[in-house]
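For reference, entry_5.txt is printed below; it contains compact mmCIF, C-alpha atoms.
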```txt
# COMPACT_ATOMS: atom_id res chain seq x y z
CA MET S 284 79.49 -3.71 -35.78
CA ALA S 285 77.24 -6.59 -34.68
CA ILE S 286 79.46 -7.08 -31.66
CA VAL S 287 78.95 -3.44 -30.68
CA ASP S 288 75.12 -3.75 -31.01
CA ARG S 289 75.02 -6.85 -28.86
CA HIS S 290 77.17 -5.13 -26.26
CA GLN S 291 74.85 -2.11 -26.27
CA ARG S 292 71.68 -4.25 -25.85
CA SER S 293 73.21 -6.21 -23.00
CA SER S 294 74.20 -2.98 -21.24
CA GLU S 295 70.63 -1.67 -21.64
CA ARG S 296 69.20 -4.87 -20.12
CA LYS S 297 71.58 -4.51 -17.19
CA MET S 298 70.49 -0.91 -16.71
CA PHE S 299 66.81 -1.92 -16.69
CA SER S 300 67.52 -4.73 -14.27
CA LEU S 301 69.33 -2.26 -12.02
CA CYS S 302 66.39 0.17 -12.18
CA PRO S 303 63.25 -2.00 -11.89
CA PHE S 304 61.14 0.89 -10.53
CA TRP S 305 60.85 2.30 -14.04
CA GLN S 306 58.92 -0.78 -15.10
CA THR S 307 56.83 -0.67 -11.92
CA SER S 308 55.95 2.97 -12.39
CA THR S 309 54.97 2.34 -15.98
CA THR S 310 52.77 -0.56 -14.91
CA MET S 311 51.22 1.49 -12.11
CA ASN S 312 50.50 4.35 -14.49
CA ASN S 313 48.79 1.99 -16.90
CA SER S 314 46.72 0.36 -14.10
CA SER S 315 45.78 3.73 -12.58
CA SER S 316 44.66 5.03 -15.94
CA SER S 317 42.55 1.93 -16.51
CA SER S 318 41.01 2.17 -12.99
CA SER S 319 40.28 5.86 -13.57
CA THR S 320 38.55 4.96 -16.79
CA LYS S 321 36.51 2.34 -14.95
CA ASN S 322 35.59 4.83 -12.20
CA LEU S 323 34.54 7.38 -14.78
CA ASN S 324 32.39 4.81 -16.53
CA HIS S 325 30.86 3.70 -13.20
CA ASN S 326 30.18 7.26 -12.07
CA GLY S 327 28.74 8.08 -15.45
CA SER S 328 26.38 5.12 -15.29
CA ARG S 329 25.32 6.06 -11.75
CA HIS S 330 24.66 9.64 -12.85
CA SER S 331 22.59 8.49 -15.81
CA GLU S 332 20.60 6.16 -13.55
CA THR S 333 19.94 9.02 -11.10
CA VAL S 334 18.81 11.31 -13.89
CA ALA S 335 16.55 8.59 -15.27
CA ALA S 336 15.01 7.98 -11.83
CA LYS S 337 14.36 11.70 -11.35
CA ARG S 338 12.77 11.89 -14.78
CA SER S 339 10.53 8.91 -14.05
CA LYS S 340 9.44 10.47 -10.73
CA THR S 341 8.68 13.76 -12.48
CA VAL S 342 6.69 12.00 -15.18
CA SER S 343 4.74 9.97 -12.60
CA SER S 344 3.96 13.08 -10.52
CA ILE S 345 2.73 14.88 -13.64
CA ALA S 346 0.62 11.87 -14.57
CA ARG S 347 -0.90 11.77 -11.06
CA SER S 348 -1.72 15.48 -11.27
CA LEU S 349 -3.55 14.92 -14.56
CA LEU S 350 -5.63 12.06 -13.19
CA PRO S 351 -8.91 12.92 -11.45
CA PRO S 352 -8.65 12.83 -7.64
CA ARG S 353 -9.84 9.68 -5.94
CA ARG S 354 -13.04 10.36 -4.05
CA ARG S 355 -13.30 9.33 -0.43
CA LEU S 356 -16.86 10.52 0.20
CA ARG S 357 -20.17 9.89 -1.49
CA LEU S 358 -22.52 12.87 -1.39
CA ASP S 359 -26.29 13.02 -1.61
CA PRO S 360 -27.17 15.34 -3.34
CA SER S 361 -24.02 14.93 -5.41
CA ASN S 362 -23.35 18.43 -6.77
CA LYS S 363 -26.06 20.86 -5.55
CA LEU S 364 -27.50 22.18 -2.31
CA TYR S 365 -31.26 22.74 -2.40
CA PHE S 366 -32.87 25.45 -0.27
CA PRO S 367 -36.55 26.35 -0.06
CA TYR S 368 -37.02 29.79 -1.54
CA GLU S 369 -38.37 31.90 1.30
CA PRO S 370 -36.99 35.45 0.97
CA GLY S 371 -36.09 37.20 4.20
CA THR S 372 -35.69 33.98 6.19
CA GLN S 373 -32.89 31.65 7.17
CA ALA S 374 -33.39 28.60 4.97
CA ARG S 375 -31.96 25.14 5.61
CA SER S 376 -30.56 22.46 3.37
CA ALA S 377 -29.18 19.00 4.09
CA ILE S 378 -26.54 16.76 2.58
CA ARG S 379 -25.49 13.22 3.41
CA LEU S 380 -21.79 12.32 3.48
CA LYS S 381 -20.64 8.70 3.50
CA ASN S 382 -17.07 7.47 3.82
CA THR S 383 -16.57 4.97 0.98
CA SER S 384 -12.85 4.42 1.63
CA LYS S 385 -11.12 1.83 3.81
CA SER S 386 -9.59 4.38 6.18
CA HIS S 387 -10.78 7.13 8.52
CA VAL S 388 -11.52 10.36 6.68
CA ALA S 389 -11.77 13.93 7.95
CA PHE S 390 -14.12 16.28 6.12
CA LYS S 391 -14.47 20.03 6.15
CA PHE S 392 -16.94 22.56 4.72
CA GLN S 393 -16.02 25.90 3.18
CA THR S 394 -18.25 28.55 1.62
CA THR S 395 -17.87 31.69 -0.45
CA ALA S 396 -20.36 33.49 1.83
CA PRO S 397 -19.27 32.83 5.44
CA LYS S 398 -21.28 35.81 6.77
CA SER S 399 -24.65 34.49 5.58
CA CYS S 400 -24.00 30.72 5.62
CA PHE S 401 -22.82 28.17 8.13
CA MET S 402 -22.74 24.38 8.41
CA ARG S 403 -23.62 22.00 11.23
CA PRO S 404 -21.26 20.30 11.79
CA PRO S 405 -18.59 22.30 9.95
CA GLY S 406 -16.31 19.26 9.91
CA GLY S 407 -15.60 15.92 11.50
CA ILE S 408 -14.14 12.45 11.08
CA LEU S 409 -15.92 9.46 9.57
CA ALA S 410 -14.92 5.84 10.08
CA PRO S 411 -14.95 3.49 7.07
CA GLY S 412 -18.56 3.05 5.94
CA GLU S 413 -19.88 5.69 8.38
CA SER S 414 -22.24 8.41 7.18
CA ILE S 415 -23.61 11.67 8.53
CA ILE S 416 -26.26 14.18 7.46
CA ALA S 417 -25.08 17.77 7.74
CA THR S 418 -27.37 20.78 7.88
CA VAL S 419 -26.49 23.91 5.92
CA PHE S 420 -28.00 27.28 6.87
CA LYS S 421 -28.29 30.21 4.50
CA PHE S 422 -30.02 33.55 4.77
CA VAL S 423 -32.18 34.13 1.69
CA GLU S 424 -32.09 37.77 0.72
CA ARG S 425 -35.09 39.55 -0.66
CA PRO S 426 -34.90 40.55 -4.32
CA GLU S 427 -34.29 44.21 -5.07
CA ASN S 428 -37.42 46.35 -5.51
CA ASN S 429 -39.53 43.30 -4.62
CA GLU S 430 -38.98 41.90 -8.10
CA VAL S 431 -40.02 38.35 -8.83
CA GLN S 432 -37.08 35.95 -8.67
CA VAL S 433 -36.97 34.26 -12.07
CA ASP S 434 -33.64 32.47 -11.80
CA LEU S 435 -33.70 30.28 -8.68
CA LYS S 436 -29.91 29.91 -8.62
CA SER S 437 -27.37 31.61 -6.39
CA LYS S 438 -23.74 32.58 -6.82
CA VAL S 439 -22.93 31.13 -3.41
CA LYS S 440 -20.85 27.95 -3.50
CA PHE S 441 -19.85 25.36 -0.93
CA LYS S 442 -16.70 23.25 -1.03
CA ILE S 443 -16.30 19.90 0.71
CA MET S 444 -12.75 18.69 1.34
CA SER S 445 -11.51 15.36 2.66
CA LEU S 446 -8.30 14.12 4.25
CA LYS S 447 -7.15 10.61 5.14
CA VAL S 448 -6.36 10.34 8.86
CA THR S 449 -5.41 7.61 11.30
CA ALA S 450 -7.94 6.09 13.68
CA GLY S 451 -8.21 7.86 17.02
CA VAL S 452 -7.14 11.29 15.77
CA ASP S 453 -9.24 14.20 17.06
CA TYR S 454 -10.73 16.49 14.46
CA LEU S 455 -9.06 19.88 14.10
CA PRO S 456 -9.52 22.30 11.19
CA GLU S 457 -5.75 22.86 11.24
CA LEU S 458 -5.24 19.32 9.92
CA PHE S 459 -6.15 20.54 6.45
CA ASP S 460 -3.50 23.27 6.62
CA GLU S 461 -0.78 21.02 8.00
CA GLN S 462 -1.37 18.32 5.35
CA ARG S 463 -2.40 20.52 2.45
CA ASP S 464 -0.77 18.25 -0.15
CA GLN S 465 -2.94 15.30 0.94
CA VAL S 466 -6.27 17.18 0.85
CA THR S 467 -8.82 16.22 -1.80
CA ILE S 468 -11.55 18.56 -2.97
CA GLU S 469 -14.51 16.22 -3.05
CA ARG S 470 -17.01 18.54 -4.68
CA ILE S 471 -17.94 22.18 -5.19
CA LEU S 472 -21.68 22.49 -4.57
CA ARG S 473 -23.90 25.14 -6.13
CA VAL S 474 -26.93 26.58 -4.38
CA VAL S 475 -30.31 26.03 -6.02
CA PHE S 476 -33.57 27.37 -4.60
CA LEU S 477 -36.71 25.27 -4.67
CA ASP S 478 -40.17 26.65 -5.25
CA MET S 479 -42.41 26.04 -2.27
CA ARG S 480 -44.91 24.18 -4.40
CA PRO S 481 -44.95 20.40 -3.72
CA SER S 482 -42.31 18.50 -5.65
CA PRO S 483 -40.21 15.33 -5.23
CA ALA S 484 -37.08 17.43 -4.59
CA LEU S 485 -38.81 19.42 -1.85
CA ASP S 486 -40.17 16.24 -0.24
CA LYS S 487 -36.70 14.68 -0.22
CA LEU S 488 -35.25 17.83 1.33
CA LYS S 489 -37.84 17.76 4.11
CA ARG S 490 -37.03 14.10 4.89
CA GLN S 491 -33.31 14.79 5.02
CA LEU S 492 -33.81 17.83 7.24
CA ALA S 493 -35.91 15.80 9.67
CA GLU S 494 -33.24 13.09 9.77
CA ALA S 495 -30.47 15.66 10.25
CA GLU S 496 -32.36 17.28 13.13
CA ALA S 497 -32.89 13.92 14.84
CA ALA S 498 -29.20 13.08 14.48
CA PHE S 499 -28.25 16.48 15.93
CA GLU S 500 -30.48 15.96 18.97
CA ALA S 501 -28.99 12.49 19.47
CA ARG S 502 -25.47 13.94 19.42
CA LYS S 503 -26.43 16.48 22.09
CA LYS S 504 -27.38 13.75 24.56
CA PRO S 505 -24.63 12.92 27.07
CA ALA S 506 -22.73 9.72 26.52
CA PRO S 507 -23.73 6.80 28.73
CA ASP S 508 -21.79 6.56 31.97
CA THR S 509 -19.41 3.61 31.85
CA GLY S 510 -18.26 3.97 35.48
CA PRO S 511 -19.38 1.85 38.44
CA ARG S 512 -23.10 1.63 38.99
CA VAL S 513 -24.75 3.63 41.75
CA VAL S 514 -26.09 0.40 43.24
CA GLY S 515 -22.56 -0.85 43.76
CA GLU S 516 -21.53 2.39 45.39
CA GLY S 517 -24.60 2.20 47.69
CA LEU S 518 -23.68 -1.32 48.78
CA VAL S 519 -20.20 -0.17 49.71
CA ILE S 520 -21.59 2.74 51.73
CA ASP S 521 -24.14 0.50 53.47
CA GLU S 522 -21.42 -1.98 54.42
CA TRP S 523 -19.27 0.82 55.84
CA LYS S 524 -22.23 2.12 57.88
CA GLU S 525 -22.91 -1.36 59.23
CA ARG S 526 -19.31 -1.79 60.35
CA ARG S 527 -19.36 1.66 61.92
CA GLU S 528 -22.51 0.88 63.91
CA LYS S 529 -21.06 -2.43 65.15
CA TYR S 530 -17.91 -0.66 66.24
CA LEU S 531 -19.84 2.00 68.18
CA ALA S 532 -22.02 -0.66 69.83
CA ARG S 533 -18.93 -2.60 70.92
CA GLN S 534 -17.41 0.56 72.35
CA GLN S 535 -20.54 1.20 74.40
CA VAL S 536 -20.53 -2.36 75.77
CA GLU S 537 -16.88 -2.10 76.79
CA ALA S 538 -17.55 1.26 78.47
CA VAL S 539 -20.40 -0.25 80.53
CA ASP S 540 -18.29 -3.26 81.52
CA SER S 541 -15.43 -1.05 82.69
CA THR S 542 -17.74 0.87 84.99
```

Written form, structure tokens:
Amino acid sequence: MAIVDRHQRSSERKMFSLCPFWQTSTTMNNSSSSSSTKNLNHNGSRHSETVAAKRSKTVSSIARSLLPPRRRLRLDPSNKLYFPYEPGTQARSAIRLKNTSKSHVAFKFQTTAPKSCFMRPPGGILAPGESIIATVFKFVERPENNEVQVDLKSKVKFKIMSLKVTAGVDYLPELFDEQRDQVTIERILRVVFLDMRPSPALDKLKRQLAEAEAAFEARKKPAPDTGPRVVGEGLVIDEWKERREKYLARQQVEAVDST
């Protein structure tokens, strides 16, 4: 019986030696299954990392939206526009804007009453540290039935927006539509009327209006001419005339000699 078992085991070993591909296929199946497991683990880790990165970006964007916007402009007055209360007239107010950032900033005015209000200038670009005084015009309506105006506040509001731009860019209102995600609402200003009696607020408004008017007149003046000076051009013309006269004189002399 033992002899038969030994004979059977030896025949099985011969069969396996004659068919080595069985062992190879078994080994390949084991290695492929292990590599598949590794790939699954790797892909799973990559997927989890991607999900974690997306979650962190979402959390950071939500955190940025909750934070107050970073101001680029400093306003004076900071949150109100003061107008002298003169019913039936077009009143003026003034506000100073200063770029406190390290980059060029475009600004733009908007109002809830565009038919009765306008700004000068309505927008522009300020270099770092540059400031400007803008003039705001508003028609002051008369109270109904000639009643005395008790509350010197108005429902009209003004909004000042800012946008970071590169140096050398020309101002266009469309910039704020094209880069809407980058626009910051600097402030929403309320309109407050001032009594015409002397007061520190009225005196400050008059000084700012005078400064704004002077700045507007200065902007209307033409820019200085950087081309060649007129004196230089005159010297060139004089030299050409002198050469022309010498040429004509020489022609006359040659004509006389030939005769």

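One finds atom CA of Leu446 of chain S at 8.2 Å from atom CA of Gln462 of chain S.
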
Legend entry - Distance criterion (only C-alpha atoms): nearest to Phe390 of chain S out of S:Lys447, S:Lys363, S:Lys504, S:Arg353: S:Lys447

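Each of S:Asp359, S:Phe499, S:Gln491, S:Gly371 was checked against Arg425 of chain S using only C-alpha atoms; the smallest atom-to-atom distance is that of S:Gly371.
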
Inset, instruction - Give as an NGL selection string each residue that has an atom at most 10 Å from (-20.0, 14.7, 4.4) in the file, counting all atoms listed in the file. - result: :S and (355-359 or 378-382 or 388-392 or 404-409 or 413-417 or 443-445 or 469)

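Counting only C-alpha atoms and comparing S:Leu472, S:Val466, S:Ala495, S:Leu455, the residue that lies closest to Pro360 of chain S is S:Leu472.
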
Inset, instruction - Could you give me, as a list in words, the residues within 12 Å of Lys487 of chain S, counting all atoms listed in the file and dropping anything in the same chain fewer than 4 positions from it? - result: Asp359, Pro360, Tyr365, Phe366, Pro367, Ser376, Ala377, Ile378, Arg379, Leu477, Pro481, Ser482, Pro483, Gln491, Leu492, Ala493 and Glu494 of chain S

Box in all listed atoms of segment 456-468 of chain S, axis-aligned, with 3 Å more on each side; write out centre and edge lengths in Å to one decimal as AutoDock Vina command-line options.
```
--center_x -6.2 --center_y 19.3 --center_z 4.1 --size_x 16.8 --size_y 14.0 --size_z 20.2
```

Legend entry - Protein and nucleic acid residues near (-26.0, 31.0, 3.2) (cut-off 7 Å, all atoms listed in the file) as number ranges by chain: S: 396, 399-401, 420-422
